[in-house]
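Asks: Next up, run_15.cif (mmCIF, C-alpha atoms and all ligand atoms; chains and numbers go by the auth columns).
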data_coords
#
loop_
_atom_site.group_PDB
_atom_site.id
_atom_site.type_symbol
_atom_site.label_atom_id
_atom_site.label_comp_id
_atom_site.label_asym_id
_atom_site.label_seq_id
_atom_site.Cartn_x
_atom_site.Cartn_y
_atom_site.Cartn_z
_atom_site.B_iso_or_equiv
_atom_site.auth_seq_id
_atom_site.auth_asym_id
ATOM 1 C CA MET A 1 104.533 42.098 73.802 0.00 1 G
ATOM 2 C CA GLU A 2 103.213 43.443 77.114 0.00 2 G
ATOM 3 C CA ARG A 3 100.584 46.151 77.610 0.00 3 G
ATOM 4 C CA THR A 4 100.105 48.494 80.543 0.00 4 G
ATOM 5 C CA PHE A 5 97.570 51.135 81.493 0.00 5 G
ATOM 6 C CA ALA A 6 98.619 54.756 82.051 0.00 6 G
ATOM 7 C CA ILE A 7 96.959 58.031 83.048 0.00 7 G
ATOM 8 C CA ILE A 8 98.235 61.562 82.570 0.00 8 G
ATOM 9 C CA LYS A 9 96.621 63.019 85.691 0.00 9 G
ATOM 10 C CA PRO A 10 94.677 66.322 86.030 0.00 10 G
ATOM 11 C CA ASP A 11 97.693 68.279 87.343 0.00 11 G
ATOM 12 C CA ALA A 12 99.796 67.422 84.298 0.00 12 G
ATOM 13 C CA VAL A 13 96.997 68.012 81.770 0.00 13 G
ATOM 14 C CA ALA A 14 96.141 71.395 83.338 0.00 14 G
ATOM 15 C CA GLN A 15 99.774 72.526 83.159 0.00 15 G
ATOM 16 C CA SER A 16 100.033 71.510 79.473 0.00 16 G
ATOM 17 C CA TYR A 17 102.541 68.718 80.088 0.00 17 G
ATOM 18 C CA THR A 18 100.608 66.215 77.947 0.00 18 G
ATOM 19 C CA GLY A 19 102.761 66.680 74.857 0.00 19 G
ATOM 20 C CA GLN A 20 106.055 66.505 76.739 0.00 20 G
ATOM 21 C CA ILE A 21 104.931 63.358 78.574 0.00 21 G
ATOM 22 C CA LEU A 22 103.799 61.729 75.309 0.00 22 G
ATOM 23 C CA ALA A 23 107.184 62.593 73.761 0.00 23 G
ATOM 24 C CA MET A 24 108.915 60.853 76.695 0.00 24 G
ATOM 25 C CA VAL A 25 106.608 57.832 76.243 0.00 25 G
ATOM 26 C CA GLU A 26 107.342 57.496 72.532 0.00 26 G
ATOM 27 C CA GLY A 27 110.992 58.393 73.036 0.00 27 G
ATOM 28 C CA ALA A 28 111.303 55.458 75.457 0.00 28 G
ATOM 29 C CA GLY A 29 110.034 53.089 72.779 0.00 29 G
ATOM 30 C CA PHE A 30 106.446 52.543 73.881 0.00 30 G
ATOM 31 C CA ARG A 31 103.769 52.154 71.231 0.00 31 G
ATOM 32 C CA VAL A 32 100.611 54.059 72.162 0.00 32 G
ATOM 33 C CA VAL A 33 97.876 51.535 71.346 0.00 33 G
ATOM 34 C CA GLY A 34 95.012 53.428 73.005 0.00 34 G
ATOM 35 C CA LEU A 35 94.580 57.123 73.850 0.00 35 G
ATOM 36 C CA ARG A 36 91.634 59.246 74.992 0.00 36 G
ATOM 37 C CA LYS A 37 91.001 62.456 76.898 0.00 37 G
ATOM 38 C CA THR A 38 88.255 62.111 79.485 0.00 38 G
ATOM 39 C CA ARG A 39 87.118 63.374 82.869 0.00 39 G
ATOM 40 C CA LEU A 40 86.602 60.865 85.656 0.00 40 G
ATOM 41 C CA SER A 41 83.332 60.900 87.564 0.00 41 G
ATOM 42 C CA GLU A 42 83.545 60.541 91.331 0.00 42 G
ATOM 43 C CA ALA A 43 82.194 56.992 90.990 0.00 43 G
ATOM 44 C CA GLN A 44 84.859 56.103 88.396 0.00 44 G
ATOM 45 C CA ALA A 45 87.702 57.529 90.507 0.00 45 G
ATOM 46 C CA LYS A 46 86.464 55.723 93.624 0.00 46 G
ATOM 47 C CA ALA A 47 86.175 52.436 91.754 0.00 47 G
ATOM 48 C CA PHE A 48 89.515 52.816 89.975 0.00 48 G
ATOM 49 C CA TYR A 49 91.332 53.436 93.289 0.00 49 G
ATOM 50 C CA ALA A 50 89.160 51.068 95.381 0.00 50 G
ATOM 51 C CA VAL A 51 92.315 49.212 96.508 0.00 51 G
ATOM 52 C CA HIS A 52 93.227 52.381 98.453 0.00 52 G
ATOM 53 C CA ALA A 53 89.747 52.893 99.989 0.00 53 G
ATOM 54 C CA GLU A 54 90.993 52.455 103.563 0.00 54 G
ATOM 55 C CA ARG A 55 94.037 54.706 103.159 0.00 55 G
ATOM 56 C CA PRO A 56 94.036 58.219 104.670 0.00 56 G
ATOM 57 C CA PHE A 57 94.761 59.801 101.280 0.00 57 G
ATOM 58 C CA TYR A 58 91.815 58.160 99.452 0.00 58 G
ATOM 59 C CA ALA A 59 89.295 61.036 99.686 0.00 59 G
ATOM 60 C CA GLY A 60 91.885 63.600 98.614 0.00 60 G
ATOM 61 C CA LEU A 61 93.006 61.357 95.784 0.00 61 G
ATOM 62 C CA VAL A 62 89.437 61.032 94.472 0.00 62 G
ATOM 63 C CA THR A 63 88.978 64.828 94.635 0.00 63 G
ATOM 64 C CA PHE A 64 92.279 65.365 92.802 0.00 64 G
ATOM 65 C CA MET A 65 91.584 62.792 90.095 0.00 65 G
ATOM 66 C CA THR A 66 88.191 64.355 89.313 0.00 66 G
ATOM 67 C CA GLU A 67 89.270 68.036 89.374 0.00 67 G
ATOM 68 C CA GLY A 68 89.863 68.205 85.623 0.00 68 G
ATOM 69 C CA PRO A 69 90.437 66.165 82.485 0.00 69 G
ATOM 70 C CA VAL A 70 92.907 63.319 82.241 0.00 70 G
ATOM 71 C CA VAL A 71 94.453 61.421 79.341 0.00 71 G
ATOM 72 C CA VAL A 72 94.065 57.637 79.560 0.00 72 G
ATOM 73 C CA MET A 73 96.397 55.411 77.546 0.00 73 G
ATOM 74 C CA VAL A 74 97.381 51.849 76.850 0.00 74 G
ATOM 75 C CA LEU A 75 101.119 51.467 76.198 0.00 75 G
ATOM 76 C CA GLU A 76 102.815 48.497 74.570 0.00 76 G
ATOM 77 C CA LYS A 77 106.458 47.425 74.818 0.00 77 G
ATOM 78 C CA GLU A 78 108.449 44.429 75.982 0.00 78 G
ATOM 79 C CA GLY A 79 108.236 44.570 79.765 0.00 79 G
ATOM 80 C CA ALA A 80 105.858 47.536 79.474 0.00 80 G
ATOM 81 C CA ILE A 81 104.561 47.380 83.053 0.00 81 G
ATOM 82 C CA ALA A 82 107.982 47.693 84.710 0.00 82 G
ATOM 83 C CA ALA A 83 109.319 49.999 81.988 0.00 83 G
ATOM 84 C CA TRP A 84 106.449 52.468 82.441 0.00 84 G
ATOM 85 C CA ARG A 85 106.797 52.390 86.244 0.00 85 G
ATOM 86 C CA ALA A 86 110.512 53.149 85.770 0.00 86 G
ATOM 87 C CA LEU A 87 109.824 56.075 83.421 0.00 87 G
ATOM 88 C CA MET A 88 107.183 57.448 85.838 0.00 88 G
ATOM 89 C CA GLY A 89 109.552 57.466 88.804 0.00 89 G
ATOM 90 C CA ALA A 90 108.797 57.036 92.515 0.00 90 G
ATOM 91 C CA THR A 91 105.309 57.887 93.822 0.00 91 G
ATOM 92 C CA ASN A 92 106.771 60.763 95.849 0.00 92 G
ATOM 93 C CA PRO A 93 108.635 63.032 93.399 0.00 93 G
ATOM 94 C CA ALA A 94 111.070 63.890 96.208 0.00 94 G
ATOM 95 C CA ASN A 95 112.334 60.301 95.841 0.00 95 G
ATOM 96 C CA ALA A 96 112.074 60.103 92.038 0.00 96 G
ATOM 97 C CA ALA A 97 115.221 59.523 89.946 0.00 97 G
ATOM 98 C CA GLU A 98 116.580 62.049 87.455 0.00 98 G
ATOM 99 C CA GLY A 99 115.051 61.681 84.022 0.00 99 G
ATOM 100 C CA THR A 100 111.714 60.377 85.289 0.00 100 G
ATOM 101 C CA ILE A 101 108.388 62.061 84.597 0.00 101 G
ATOM 102 C CA ARG A 102 107.615 62.600 88.269 0.00 102 G
ATOM 103 C CA LYS A 103 111.060 64.101 88.957 0.00 103 G
ATOM 104 C CA LYS A 104 110.629 66.469 86.050 0.00 104 G
ATOM 105 C CA PHE A 105 107.010 67.558 86.451 0.00 105 G
ATOM 106 C CA ALA A 106 105.370 66.430 89.719 0.00 106 G
ATOM 107 C CA GLU A 107 104.598 68.715 92.659 0.00 107 G
ATOM 108 C CA ASN A 108 104.138 66.276 95.545 0.00 108 G
ATOM 109 C CA VAL A 109 103.177 62.724 96.521 0.00 109 G
ATOM 110 C CA GLU A 110 99.527 63.303 95.587 0.00 110 G
ATOM 111 C CA ARG A 111 99.844 65.551 92.523 0.00 111 G
ATOM 112 C CA ASN A 112 102.330 63.308 90.785 0.00 112 G
ATOM 113 C CA CYS A 113 101.328 63.641 87.112 0.00 113 G
ATOM 114 C CA VAL A 114 101.001 60.004 86.033 0.00 114 G
ATOM 115 C CA HIS A 115 99.535 56.615 86.899 0.00 115 G
ATOM 116 C CA GLY A 116 100.786 53.202 85.847 0.00 116 G
ATOM 117 C CA SER A 117 99.601 49.645 86.458 0.00 117 G
ATOM 118 C CA ASP A 118 101.798 47.916 89.048 0.00 118 G
ATOM 119 C CA ALA A 119 101.426 44.254 87.954 0.00 119 G
ATOM 120 C CA PRO A 120 100.039 42.106 85.111 0.00 120 G
ATOM 121 C CA GLU A 121 96.769 41.468 86.997 0.00 121 G
ATOM 122 C CA THR A 122 96.364 45.205 87.601 0.00 122 G
ATOM 123 C CA ALA A 123 96.954 46.018 83.936 0.00 123 G
ATOM 124 C CA ALA A 124 94.466 43.301 82.949 0.00 124 G
ATOM 125 C CA ALA A 125 91.798 44.981 85.106 0.00 125 G
ATOM 126 C CA GLU A 126 92.668 48.634 84.404 0.00 126 G
ATOM 127 C CA ILE A 127 92.840 48.430 80.595 0.00 127 G
ATOM 128 C CA PRO A 128 89.200 47.273 80.138 0.00 128 G
ATOM 129 C CA PHE A 129 88.093 49.766 82.818 0.00 129 G
ATOM 130 C CA PHE A 130 88.667 52.464 80.163 0.00 130 G
ATOM 131 C CA PHE A 131 89.030 50.814 76.747 0.00 131 G
ATOM 132 C CA ALA A 132 87.074 48.415 74.569 0.00 132 G
ATOM 133 C CA ALA A 133 89.234 45.900 72.711 0.00 133 G
ATOM 134 C CA SER A 134 88.274 47.597 69.423 0.00 134 G
ATOM 135 C CA GLU A 135 89.900 50.862 70.617 0.00 135 G
ATOM 136 C CA LEU A 136 93.341 49.255 71.033 0.00 136 G
ATOM 137 C CA LEU A 137 95.169 49.540 67.731 0.00 137 G
HETATM 138 N N1 LIG B . 98.924 59.107 96.996 0.00 1 A
HETATM 139 C C1 LIG B . 98.774 60.150 97.891 0.00 1 A
HETATM 140 N N2 LIG B . 99.437 60.078 99.096 0.00 1 A
HETATM 141 C C2 LIG B . 100.237 59.026 99.433 0.00 1 A
HETATM 142 C C3 LIG B . 100.370 57.963 98.530 0.00 1 A
HETATM 143 C C4 LIG B . 99.709 58.034 97.319 0.00 1 A
HETATM 144 O O1 LIG B . 98.050 61.110 97.630 0.00 1 A
HETATM 145 O O2 LIG B . 100.808 59.012 100.524 0.00 1 A
HETATM 146 C C5 LIG B . 98.236 59.164 95.701 0.00 1 A
HETATM 147 C C6 LIG B . 99.179 59.470 94.531 0.00 1 A
HETATM 148 O O3 LIG B . 98.484 60.266 93.576 0.00 1 A
HETATM 149 C C7 LIG B . 99.470 58.084 94.027 0.00 1 A
HETATM 150 C C8 LIG B . 98.119 57.402 94.194 0.00 1 A
HETATM 151 O O4 LIG B . 97.630 57.919 95.437 0.00 1 A
HETATM 152 O O5 LIG B . 99.929 58.090 92.687 0.00 1 A
HETATM 153 C C9 LIG B . 98.142 55.900 94.245 0.00 1 A
HETATM 154 O O6 LIG B . 99.084 55.487 95.224 0.00 1 A
HETATM 155 P P1 LIG B . 100.081 54.298 94.931 0.00 1 A
HETATM 156 O O7 LIG B . 100.722 53.944 96.239 0.00 1 A
HETATM 157 O O8 LIG B . 99.383 53.218 94.187 0.00 1 A
HETATM 158 O O9 LIG B . 101.199 54.999 94.020 0.00 1 A
HETATM 159 P P2 LIG B . 101.562 54.820 92.465 0.00 1 A
HETATM 160 O O10 LIG B . 101.273 53.386 92.095 0.00 1 A
HETATM 161 O O11 LIG B . 100.713 55.799 91.695 0.00 1 A
HETATM 162 O O12 LIG B . 103.030 55.155 92.370 0.00 1 A
HETATM 163 MG MG MG B . 99.592 52.287 92.380 0.00 2 A
#
Please express the file's structure as structure tokens.
Replies:
Amino acid sequence: MERTFAIIKPDAVAQSYTGQILAMVEGAGFRVVGLRKTRLSEAQAKAFYAVHAERPFYAGLVTFMTEGPVVVMVLEKEGAIAAWRALMGATNPANAAEGTIRKKFAENVERNCVHGSDAPETAAAEIPFFFAASELL
């Protein structure tokens, strides 16, 4: 059984989409094995998105991700990494398929409601960034 790391981003939490997104997660057959509401510090957001440090959108992304609380989650399912990316939809909601979270709720390529690990190595790094093993149940 595979695990992936997910974030409900500040835009979605602020607009009270948390419950609807969680219903889509559980409705798609994921088991929520870890869940916490938190607010990222600037240092956490910079470190979490360090892979994008040289990209033009990095500073704006860090500002966005720290503007309000987020919900961090670990999701479990067979093929969870690809399945969660599929349920999220394309990074730019303008390109996201019908029935995806980003199509339904996201405003634009930056304020796109959710994060998901993009590969097994990414999930393996992102899960312990936010959760101790004892918090995954
Ligand atoms: N992002 C942005 N502008 C872009 C591309 C990405 O603001 O042109 C933001 C957006 O919030 C995105 C995050 O940076 O979710 C990480 O980008 P990535 O390419 O990893 O997209 P994701 O994996 O989230 O689909
Ligand atoms: Mg990414």
Asks: Which residues match the PyMOL selection byres (((not hetatm)) within 8 of (chain A and resi 2)) in the file above, as a PDB file with C-alpha atoms, keeping the file's coordinate frame?
Replies:
ATOM      1  CA  HIS G 115      99.535  56.615  86.899  1.00  0.00           C
ATOM      2  CA  GLY G 116     100.786  53.202  85.847  1.00  0.00           C
ATOM      3  CA  SER G 117      99.601  49.645  86.458  1.00  0.00           C
ATOM      4  CA  ASP G 118     101.798  47.916  89.048  1.00  0.00           C
TER       5      ASP G 118
END
Asks: Run the PyMOL selection byres (((not hetatm)) within 8 of (chain A and resi 1)) mentally over the shown coordinates, then write out the matched residues as number ranges by chain, using the chain letters and numbers from the document.
Replies: G: 49, 52, 56-58, 60-61, 85, 89-92, 109-118
Asks: Given 4 Å of margin on each side, can you work out the centre and size in Å (one decimal) of an axis-aligned box holding every listed atom of stretch 103-110 of chain G, as JSON?
Replies:
{"center_x": 105.3, "center_y": 65.7, "center_z": 91.3, "size_x": 19.5, "size_y": 14.0, "size_z": 18.5}
Asks: Any idea what the distance is between atom CA of G:Lys77 and atom CA of G:Gly19?
Replies: 19.6 Å
Asks: With all atoms listed in the file as the counted atoms, please give the residues lying no more than 10 Å from G:Phe48, apart from itself and same-chain residues fewer than 6 positions off, as a PyMOL selection string.
Replies: chain G and resi 40+42+62+125-126+129-130
Asks: Go ahead and save the residues from that selection, with C-alpha atoms, as a tab-separated table (two decimals), keeping the file's coordinate frame.
Replies:
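In the end it all went to result-v2.tsv:
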chain	number	residue	atom	x	y	z
G	40	LEU	CA	86.60	60.86	85.66
G	42	GLU	CA	83.54	60.54	91.33
G	62	VAL	CA	89.44	61.03	94.47
G	125	ALA	CA	91.80	44.98	85.11
G	126	GLU	CA	92.67	48.63	84.40
G	129	PHE	CA	88.09	49.77	82.82
G	130	PHE	CA	88.67	52.46	80.16
Asks: Tell me which of G:Ala23, G:Val71, G:Ala59, G:Ile7 sits closest to G:Lys37, counting only C-alpha atoms.
Replies: G:Val71
Asks: Return the single residue from G:Ala83, G:Asn108, G:Arg3, G:Ala47 that is closest to G:Leu136, with distances computed using all atoms listed in the file.
Replies: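 Checking each candidate against G:Leu136, we get G:Arg3 as the closest.
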Asks: Which residues match the PyMOL selection byres (((chain G and resi 75) around 8) and not hetatm) in the file above, as an mmCIF file with C-alpha atoms, in the frame of the given file?
Replies:
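Written out: out_38.cif:
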data_model
loop_
_atom_site.group_PDB
_atom_site.id
_atom_site.type_symbol
_atom_site.label_atom_id
_atom_site.label_comp_id
_atom_site.auth_asym_id
_atom_site.auth_seq_id
_atom_site.Cartn_x
_atom_site.Cartn_y
_atom_site.Cartn_z
ATOM 1 C CA ARG G 3 100.584 46.151 77.610
ATOM 2 C CA THR G 4 100.105 48.494 80.543
ATOM 3 C CA PHE G 5 97.570 51.135 81.493
ATOM 4 C CA ALA G 6 98.619 54.756 82.051
ATOM 5 C CA PHE G 30 106.446 52.543 73.881
ATOM 6 C CA ARG G 31 103.769 52.154 71.231
ATOM 7 C CA VAL G 32 100.611 54.059 72.162
ATOM 8 C CA VAL G 33 97.876 51.535 71.346
ATOM 9 C CA GLY G 34 95.012 53.428 73.005
ATOM 10 C CA MET G 73 96.397 55.411 77.546
ATOM 11 C CA VAL G 74 97.381 51.849 76.850
ATOM 12 C CA GLU G 76 102.815 48.497 74.570
ATOM 13 C CA LYS G 77 106.458 47.425 74.818
ATOM 14 C CA ALA G 80 105.858 47.536 79.474
#
Asks: One number please: atom CA of G:Asn95 to atom CA of G:Glu2, in Å, one decimal.
Replies: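 Atom CA of G:Asn95 sits 26.8 Å away from atom CA of G:Glu2.
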Asks: Please, what distance in Å, to one decimal, runs between atom CA of G:Glu107 and atom CA of G:Arg36?
Replies: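 Value for the atom CA of G:Glu107-atom CA of G:Arg36 distance: 23.9 Å.
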Asks: Nearest residue to G:Ala12 out of G:Gln44, G:Ala106, G:Ala86, G:Ile81, using all atoms listed in the file?
Replies: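 Of all the options, G:Ala106 lies closest to G:Ala12.
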Asks: Near G:Ser16, within 12 Å and counting all atoms listed in the file, which residues show up once chain neighbours fewer than 5 positions away are dropped, as a ChimeraX atom specification?
Replies: /G:8-11,21-22,69-71,105,113
Asks: Generate the missing atoms of stretch 26-49 of chain G up to N, CA and C atoms and report them as an mmCIF file, keeping the file's coordinate frame.
Replies:
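Once everything was written out, this is rebuild-v4.cif:
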data_model
loop_
_atom_site.group_PDB
_atom_site.id
_atom_site.type_symbol
_atom_site.label_atom_id
_atom_site.label_comp_id
_atom_site.auth_asym_id
_atom_site.auth_seq_id
_atom_site.Cartn_x
_atom_site.Cartn_y
_atom_site.Cartn_z
ATOM 1 N N GLU G 26 106.928 58.004 73.852
ATOM 2 C CA GLU G 26 107.342 57.496 72.532
ATOM 3 C C GLU G 26 108.863 57.435 72.427
ATOM 4 N N GLY G 27 109.531 58.392 73.050
ATOM 5 C CA GLY G 27 110.992 58.393 73.036
ATOM 6 C C GLY G 27 111.589 57.182 73.745
ATOM 7 N N ALA G 28 110.848 56.643 74.716
ATOM 8 C CA ALA G 28 111.303 55.458 75.457
ATOM 9 C C ALA G 28 110.918 54.163 74.749
ATOM 10 N N GLY G 29 110.293 54.284 73.583
ATOM 11 C CA GLY G 29 110.034 53.089 72.779
ATOM 12 C C GLY G 29 108.696 52.416 73.009
ATOM 13 N N PHE G 30 107.798 53.091 73.734
ATOM 14 C CA PHE G 30 106.446 52.543 73.881
ATOM 15 C C PHE G 30 105.643 52.836 72.610
ATOM 16 N N ARG G 31 104.761 51.905 72.274
ATOM 17 C CA ARG G 31 103.769 52.154 71.231
ATOM 18 C C ARG G 31 102.466 52.500 71.935
ATOM 19 N N VAL G 32 101.883 53.639 71.570
ATOM 20 C CA VAL G 32 100.611 54.059 72.162
ATOM 21 C C VAL G 32 99.501 53.324 71.409
ATOM 22 N N VAL G 33 98.892 52.339 72.038
ATOM 23 C CA VAL G 33 97.876 51.535 71.346
ATOM 24 C C VAL G 33 96.458 52.003 71.646
ATOM 25 N N GLY G 34 96.306 52.824 72.691
ATOM 26 C CA GLY G 34 95.012 53.428 73.005
ATOM 27 C C GLY G 34 95.250 54.778 73.636
ATOM 28 N N LEU G 35 94.374 55.757 73.331
ATOM 29 C CA LEU G 35 94.580 57.123 73.850
ATOM 30 C C LEU G 35 93.247 57.869 73.819
ATOM 31 N N ARG G 36 92.878 58.472 74.956
ATOM 32 C CA ARG G 36 91.634 59.246 74.992
ATOM 33 C C ARG G 36 91.694 60.274 76.105
ATOM 34 N N LYS G 37 91.166 61.464 75.833
ATOM 35 C CA LYS G 37 91.001 62.456 76.898
ATOM 36 C C LYS G 37 89.610 62.279 77.492
ATOM 37 N N THR G 38 89.539 62.318 78.817
ATOM 38 C CA THR G 38 88.255 62.111 79.485
ATOM 39 C C THR G 38 88.283 62.817 80.830
ATOM 40 N N ARG G 39 87.150 62.851 81.493
ATOM 41 C CA ARG G 39 87.118 63.374 82.869
ATOM 42 C C ARG G 39 86.455 62.325 83.747
ATOM 43 N N LEU G 40 87.126 61.916 84.796
ATOM 44 C CA LEU G 40 86.602 60.865 85.656
ATOM 45 C C LEU G 40 85.444 61.397 86.490
ATOM 46 N N SER G 41 84.387 60.614 86.591
ATOM 47 C CA SER G 41 83.332 60.900 87.564
ATOM 48 C C SER G 41 83.849 60.481 88.941
ATOM 49 N N GLU G 42 83.169 60.950 89.978
ATOM 50 C CA GLU G 42 83.545 60.541 91.331
ATOM 51 C C GLU G 42 83.436 59.020 91.463
ATOM 52 N N ALA G 43 82.389 58.454 90.896
ATOM 53 C CA ALA G 43 82.194 56.992 90.990
ATOM 54 C C ALA G 43 83.331 56.253 90.281
ATOM 55 N N GLN G 44 83.746 56.753 89.124
ATOM 56 C CA GLN G 44 84.859 56.103 88.396
ATOM 57 C C GLN G 44 86.155 56.177 89.205
ATOM 58 N N ALA G 45 86.452 57.367 89.745
ATOM 59 C CA ALA G 45 87.702 57.529 90.507
ATOM 60 C C ALA G 45 87.696 56.642 91.744
ATOM 61 N N LYS G 46 86.561 56.579 92.433
ATOM 62 C CA LYS G 46 86.464 55.723 93.624
ATOM 63 C C LYS G 46 86.664 54.265 93.260
ATOM 64 N N ALA G 47 86.059 53.840 92.163
ATOM 65 C CA ALA G 47 86.175 52.436 91.754
ATOM 66 C C ALA G 47 87.590 52.132 91.280
ATOM 67 N N PHE G 48 88.171 53.049 90.515
ATOM 68 C CA PHE G 48 89.515 52.816 89.975
ATOM 69 C C PHE G 48 90.534 52.667 91.104
ATOM 70 N N TYR G 49 90.383 53.462 92.160
ATOM 71 C CA TYR G 49 91.332 53.436 93.289
ATOM 72 C C TYR G 49 90.767 52.690 94.498
#
